[in-house]
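Working notes, structure below.
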Amino acid sequence: MSQPTIESILQENRLFQPPAEFAQAAHINSWEAYEQLYAQAQADPASFWAGLAERELHWFEPWQQVLDWHPPHVKWFVGGKINIAYNCLDRHLTTWRRNKAALIWEGEPGDSRTLTYAQLHREVCQFANVLKQLGVNKGDRVGIYMPMIPEAAIAMLACARIGAPHSVVFGGFSAEALRDRLIDAEAKLVVTADGGWRKDAIVPLKEQVDRAIANDAVPTVENVLVVERTKQKIHMEPGRDHWWHDLRVGVSADCPAEPMDSEDMLFILYTSGSTGKPKGVVHTTGGYNLYTHITSQWIFDLKDTDVYWCTADVGWITGHSYIVYGPLSNGATTLMYEGAPRASNPGCFWDVIEKYGVTIFYTAPTAIRAFIKMGEHHPKSRNLSSLRLLGTVGEPINPEAWMWYYRVIGQERCPIVDTWWQTETGGIMITPLPGAIPTKPGSATRPFPGILADVVDLEGNPVGVNEGGYLVIRHPWPGMMRTVYKDPDRFRRTYWEHIPPKDGQYLYFAGDGARRDEQGYFWVMGRVDDVISVAGHRLGTMEIESALVSHPAVAEAAVVGKPDEVKGEEVVAFVTLEGEYVPSEALAQELKQHVVQEIGAIARPGEIRFSEALPKTRSGKIMRRLLRSLAADQEVSGDTSTLEDRSVLDKLRGGA
Ligand code: WT7
């Protein structure tokens, strides 16, 4: 098994047609239908999106202008009034879907719960009223630091209902990382749980919140709302901390959805970049609602008979768009799972599919590669015949893993949608439409209608067929991020200036390398910046370096990714020590633990390499390319003439 390389995927020419039976019943049912939609959207994007917005969503008041594009700032459905929680809940209540399962939850120690649309609506309204009682007003930011339990989705929808932007922080982030995000978002309230179940252990979420906000470190936080999950003993600060089950008693379930301006902020979600602290990616209401709605419908081919399961955590954009908002806006049944596959329960995903008759399954390549290692007998001993569609997201999928997924999980019956997108794009951008677009293992295939994707060089010129270049988007789309929270300059610099506008046209720079083949299929090769992907989690090398140098022993640190069979990449840190420290295994362990404390377990270096110096250019820039080769134990190739001190390289090679 290997990571996709240019060589391996250039040779990839297998083509899988959409199964006829699948295509017949699909929302988008032929190549011609796709091409027609694509052409229509390309010719007149504003009318294309406006037509869908009118047909697919409920608006309290119509918009006056579909698109307002002052690059790089965009507004969609200007003046329109809408509420995404209304579209996800209320509008289904007047139909037969009222008593349909909206959310199926499978909890870790065998707990489970199903909420119908009517029940979910009731929970959300009560939660929203409790937030209001605690002083949360329209526009106030709410931090959400939760395990994968229904209340995570309920809290998000409750915030959306009253117009309080949420900022969900993945429960695997440390107290320090949580603190940074709460400070930046200026959160007024934090929703958390006493704890969460993670791989047979309890994650002490409330304790982490206590640590994050201790000593008034986040002065904006007035209250903490705590959901009971694991029932271990926790500290409740009088006047600040409140149990959800206490406050909800006697609270009305009547809470009209606040009519929001289409461009009102819906949420902030922090993501790592190549420089500085994580960026607060801002998404707004109307465009995001439309984009997640229609991509969910067409890409996952959602039907009322489906049980749809996305295995992401709600702490990531995938959870926001494709566990909560997209599926619910369509009135679908969405499944949420608290557990994770592990040695003690390698078949747990397949048990969930069998138990609930899951029809659509969306997961990450890293999970698939882990399943390959665990062995075929686990899925083969379960009944997976309910499945009709499979999806992947998060990183390039190597053709070998794609084929295994197709053969063993999909039993050669299910199309696979390999979906390329980002936190910034709000929703899926390049993907097969499963009833229309033939698939090739390892390719995300074609852009979604309305997405003008291209591969260009650094001057913005399109590159030739099968030539590598930078993945860009030429026209704004409704789900695109609006800005970096409180930092519009960073928004402009990061996404719009790497490649200068060409002929007055601005290009959105995704940070990925790609090529396009003879059929116009996109092959995404991975990041071209200093962002690495460990088990599908996006990490900025600079963040990990900052964490390392905050330890007293560390003078300098450089972090690179090293290819890993299962996780895609692994963190390798090159570290030089302050004079009085000497390298040791104990110190390496301590530094790894330090990173876990500063960021979270997802950033834990797999390897610390001590060295006397780091390879630098004459202008003092660390030569990461060299370090990447060294980390991967490859020959250092290419130009090293800019290296300032060649002896550094020899020492590093010799192993420190
Ligand atoms: C980066 C975005 C968007 C959901 C999860 C990740 C990589 C994502 C694919 C894919 C190749 C992919 C890219 C992208 N990526 N999906 N199907 N094929 N690469 O969101 O944390 O914002 O990371 O994930 O490198 O830029 P994210």
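Going by the structure tokens order, chains are called A, B, ..., each with residues numbered from 1, while ligands are numbered from 1 in the order shown.
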
For chain A versus ligand 1, which residues have an atom no more than 6 Å away, and what is each residue's nearest atom pair and distance in Å rounded to one decimal, using only C-alpha atoms and all ligand atoms, chain-then-number order, as CSV?
```
residue,atom,partner,partner_atom_place_in_ligand_line,distance
A:Ile317,CA,ligand 1,4 (C),6.0
A:Thr318,CA,ligand 1,4 (C),5.0
A:Val393,CA,ligand 1,16 (N),4.4
A:Gly394,CA,ligand 1,8 (C),3.5
A:Glu395,CA,ligand 1,12 (C),3.5
A:Pro396,CA,ligand 1,11 (C),3.5
A:Asp418,CA,ligand 1,17 (N),5.0
A:Thr419,CA,ligand 1,17 (N),4.1
A:Trp420,CA,ligand 1,17 (N),3.5
A:Trp421,CA,ligand 1,3 (C),4.4
A:Gln422,CA,ligand 1,3 (C),3.6
A:Thr423,CA,ligand 1,22 (O),3.6
A:Ala444,CA,ligand 1,17 (N),5.9
A:Gly511,CA,ligand 1,26 (O),6.0
A:Asp512,CA,ligand 1,26 (O),5.4
A:Val524,CA,ligand 1,11 (C),5.0
A:Gly526,CA,ligand 1,25 (O),4.7
A:Arg527,CA,ligand 1,25 (O),4.9
A:His537,CA,ligand 1,21 (O),5.9
A:Arg538,CA,ligand 1,21 (O),4.7
```

Selected residues written out with C-alpha atoms, as a PDB file, in the first residue's frame:
```pdb
ATOM      1  CA  ILE A 317     -16.352  21.196   8.727  1.00  0.00           C
ATOM      2  CA  THR A 318     -17.402  17.771   7.446  1.00  0.00           C
ATOM      3  CA  VAL A 393     -13.094  12.934   2.075  1.00  0.00           C
ATOM      4  CA  GLY A 394     -10.105  14.556   3.694  1.00  0.00           C
ATOM      5  CA  GLU A 395      -7.075  13.584   1.645  1.00  0.00           C
ATOM      6  CA  PRO A 396      -6.209  11.936  -1.628  1.00  0.00           C
ATOM      7  CA  ASP A 418     -14.321  10.981  -3.703  1.00  0.00           C
ATOM      8  CA  THR A 419     -15.133  14.510  -2.560  1.00  0.00           C
ATOM      9  CA  TRP A 420     -12.547  17.267  -2.614  1.00  0.00           C
ATOM     10  CA  TRP A 421     -13.253  20.365  -0.549  1.00  0.00           C
ATOM     11  CA  GLN A 422     -12.029  22.394   2.437  1.00  0.00           C
ATOM     12  CA  THR A 423     -13.167  24.128   5.606  1.00  0.00           C
ATOM     13  CA  ALA A 444     -12.240  13.370  -7.394  1.00  0.00           C
ATOM     14  CA  GLY A 511      -3.361  25.500  -1.341  1.00  0.00           C
ATOM     15  CA  ASP A 512      -3.500  22.148  -3.157  1.00  0.00           C
ATOM     16  CA  VAL A 524      -5.634  16.333  -6.300  1.00  0.00           C
ATOM     17  CA  GLY A 526      -2.047  17.307  -1.756  1.00  0.00           C
ATOM     18  CA  ARG A 527      -0.984  20.544  -0.101  1.00  0.00           C
ATOM     19  CA  HIS A 537      -6.604  16.148  10.307  1.00  0.00           C
ATOM     20  CA  ARG A 538      -5.160  19.334   8.996  1.00  0.00           C
TER      21      ARG A 538
END
```

Find the spatial neighbours of Asp304 in chain A, counting only C-alpha atoms, within a cut-off of 8 Å - ignore same-chain residues fewer than 2 positions away - and output them as a short mmCIF file (atom, residue, chain, number, x, y, z; two decimals) with C-alpha atoms, in the first residue's frame.
```
data_model
loop_
_atom_site.label_atom_id
_atom_site.label_comp_id
_atom_site.auth_asym_id
_atom_site.auth_seq_id
_atom_site.Cartn_x
_atom_site.Cartn_y
_atom_site.Cartn_z
CA LEU A 302 -30.45 11.69 -0.70
CA ASP A 306 -31.97 6.58 3.09
CA GLY A 331 -35.19 16.20 5.62
CA ALA A 332 -32.89 13.18 5.58
CA THR A 333 -32.11 10.72 8.36
#
```

Query - Within 6 Å of range 185-187 of chain A using only C-alpha atoms, minus same-chain residues under 5 positions, as a list in words - result: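 So the residues in contact are Arg141, Val142, Gly143, Thr220 and Val221 of chain A.
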
Report task. Name the residues in contact with Arg515 in chain A at a cut-off of 8 Å, using only C-alpha atoms, excluding same-chain residues fewer than 3 positions from it; report them as a VMD selection string. Result -> chain A and resid 455 465 to 469 522 to 525

Output of the above residues as an mmCIF file, in the first residue's frame, restricted to N, CA, C and O atoms:
```cif
data_model
loop_
_atom_site.group_PDB
_atom_site.id
_atom_site.type_symbol
_atom_site.label_atom_id
_atom_site.label_comp_id
_atom_site.auth_asym_id
_atom_site.auth_seq_id
_atom_site.Cartn_x
_atom_site.Cartn_y
_atom_site.Cartn_z
ATOM 1 N N VAL A 455 -6.615 24.368 -13.030
ATOM 2 C CA VAL A 455 -5.256 24.138 -12.557
ATOM 3 C C VAL A 455 -4.360 25.114 -13.313
ATOM 4 O O VAL A 455 -4.365 25.130 -14.541
ATOM 5 N N VAL A 465 -2.754 19.597 -20.197
ATOM 6 C CA VAL A 465 -3.312 18.316 -19.774
ATOM 7 C C VAL A 465 -2.231 17.488 -19.073
ATOM 8 O O VAL A 465 -1.108 17.385 -19.574
ATOM 9 N N ASN A 466 -2.593 16.932 -17.918
ATOM 10 C CA ASN A 466 -1.688 16.090 -17.125
ATOM 11 C C ASN A 466 -0.450 16.801 -16.597
ATOM 12 O O ASN A 466 0.477 16.159 -16.123
ATOM 13 N N GLU A 467 -0.446 18.131 -16.661
ATOM 14 C CA GLU A 467 0.649 18.875 -16.054
ATOM 15 C C GLU A 467 0.240 19.298 -14.644
ATOM 16 O O GLU A 467 -0.908 19.693 -14.442
ATOM 17 N N GLY A 468 1.182 19.251 -13.735
ATOM 18 C CA GLY A 468 0.873 19.655 -12.367
ATOM 19 C C GLY A 468 0.763 21.166 -12.234
ATOM 20 O O GLY A 468 1.422 21.908 -12.964
ATOM 21 N N GLY A 469 -0.066 21.626 -11.318
ATOM 22 C CA GLY A 469 -0.194 23.057 -11.075
ATOM 23 C C GLY A 469 -0.981 23.293 -9.793
ATOM 24 O O GLY A 469 -1.112 22.383 -8.968
ATOM 25 N N PHE A 522 -10.074 15.812 -12.379
ATOM 26 C CA PHE A 522 -9.078 16.383 -11.470
ATOM 27 C C PHE A 522 -8.459 15.287 -10.602
ATOM 28 O O PHE A 522 -9.157 14.405 -10.105
ATOM 29 N N TRP A 523 -7.159 15.395 -10.452
ATOM 30 C CA TRP A 523 -6.402 14.519 -9.555
ATOM 31 C C TRP A 523 -5.713 15.437 -8.546
ATOM 32 O O TRP A 523 -4.779 16.165 -8.912
ATOM 33 N N VAL A 524 -6.190 15.438 -7.321
ATOM 34 C CA VAL A 524 -5.634 16.333 -6.300
ATOM 35 C C VAL A 524 -4.424 15.650 -5.676
ATOM 36 O O VAL A 524 -4.516 14.497 -5.237
ATOM 37 N N MET A 525 -3.293 16.355 -5.666
ATOM 38 C CA MET A 525 -2.052 15.724 -5.212
ATOM 39 C C MET A 525 -1.724 16.016 -3.756
ATOM 40 O O MET A 525 -0.851 15.378 -3.189
#
```

Query raised in the report: Which of these, A:Gln589, A:Gln126, A:Thr334, A:Ser30, has the shortest distance to Ala158 in chain A once you count only C-alpha atoms?
Result: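 Between A:Gln589, A:Gln126, A:Thr334, A:Ser30, the residue approaching Ala158 in chain A most closely is A:Gln126.
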
Report task. Report the residues of range 386-540 of chain A whose backbone DSSP state falls under helix (DSSP H, G or I), written as JSON, numbers by chain. Result -> {"A": [399, 400, 401, 402, 403, 404, 405, 406, 407, 408, 409, 423, 424, 425, 488, 489, 490, 491, 492, 493, 494, 495, 496]}

Query raised in the report: CA of His551 in chain A and CA of Ala632 in chain A, how far apart in Å?
Result: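 About the pair CA of Ala632 in chain A and CA of His551 in chain A: they are 25.6 Å apart.
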
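Picture a line from CA of Glu585 in chain A to CA of Ala558 in chain A; it runs 18.5 Å.
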
Query - Non-local contacts of Asp184 in chain A (9 Å; only C-alpha atoms; under 5 positions in same chain excluded) as a list in words - result: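 These residues fall inside the cut-off: Arg179, Gly280, Tyr485 and Lys486 of chain A.
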
Who sits within 12 Å of Glu412 in chain A, only C-alpha atoms, same chain under 6 positions skipped, as a PDB file with C-alpha atoms, in the first residue's frame:
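To be explicit, this is the file written out as around_8.pdb:
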```pdb
ATOM      1  CA  PHE A  16     -16.313   2.606 -13.322  1.00  0.00           C
ATOM      2  CA  GLN A  17     -19.661   3.519 -14.849  1.00  0.00           C
ATOM      3  CA  PRO A  18     -22.551   4.447 -12.565  1.00  0.00           C
ATOM      4  CA  PRO A  19     -24.609   1.267 -12.148  1.00  0.00           C
ATOM      5  CA  LEU A 384     -23.608  -4.666   4.476  1.00  0.00           C
ATOM      6  CA  SER A 385     -26.199  -5.219   1.762  1.00  0.00           C
ATOM      7  CA  LEU A 387     -25.297   0.125   1.387  1.00  0.00           C
ATOM      8  CA  ARG A 388     -25.882   1.796  -1.973  1.00  0.00           C
ATOM      9  CA  LEU A 389     -23.380   4.657  -2.025  1.00  0.00           C
ATOM     10  CA  LEU A 390     -19.936   5.269  -0.506  1.00  0.00           C
ATOM     11  CA  TRP A 402     -10.280   2.926  -3.343  1.00  0.00           C
ATOM     12  CA  MET A 403     -10.420  -0.554  -4.877  1.00  0.00           C
ATOM     13  CA  TRP A 404     -10.606  -2.215  -1.480  1.00  0.00           C
ATOM     14  CA  TYR A 405     -13.448   0.108  -0.442  1.00  0.00           C
ATOM     15  CA  TYR A 406     -15.237  -0.605  -3.716  1.00  0.00           C
TER      16      TYR A 406
END
```
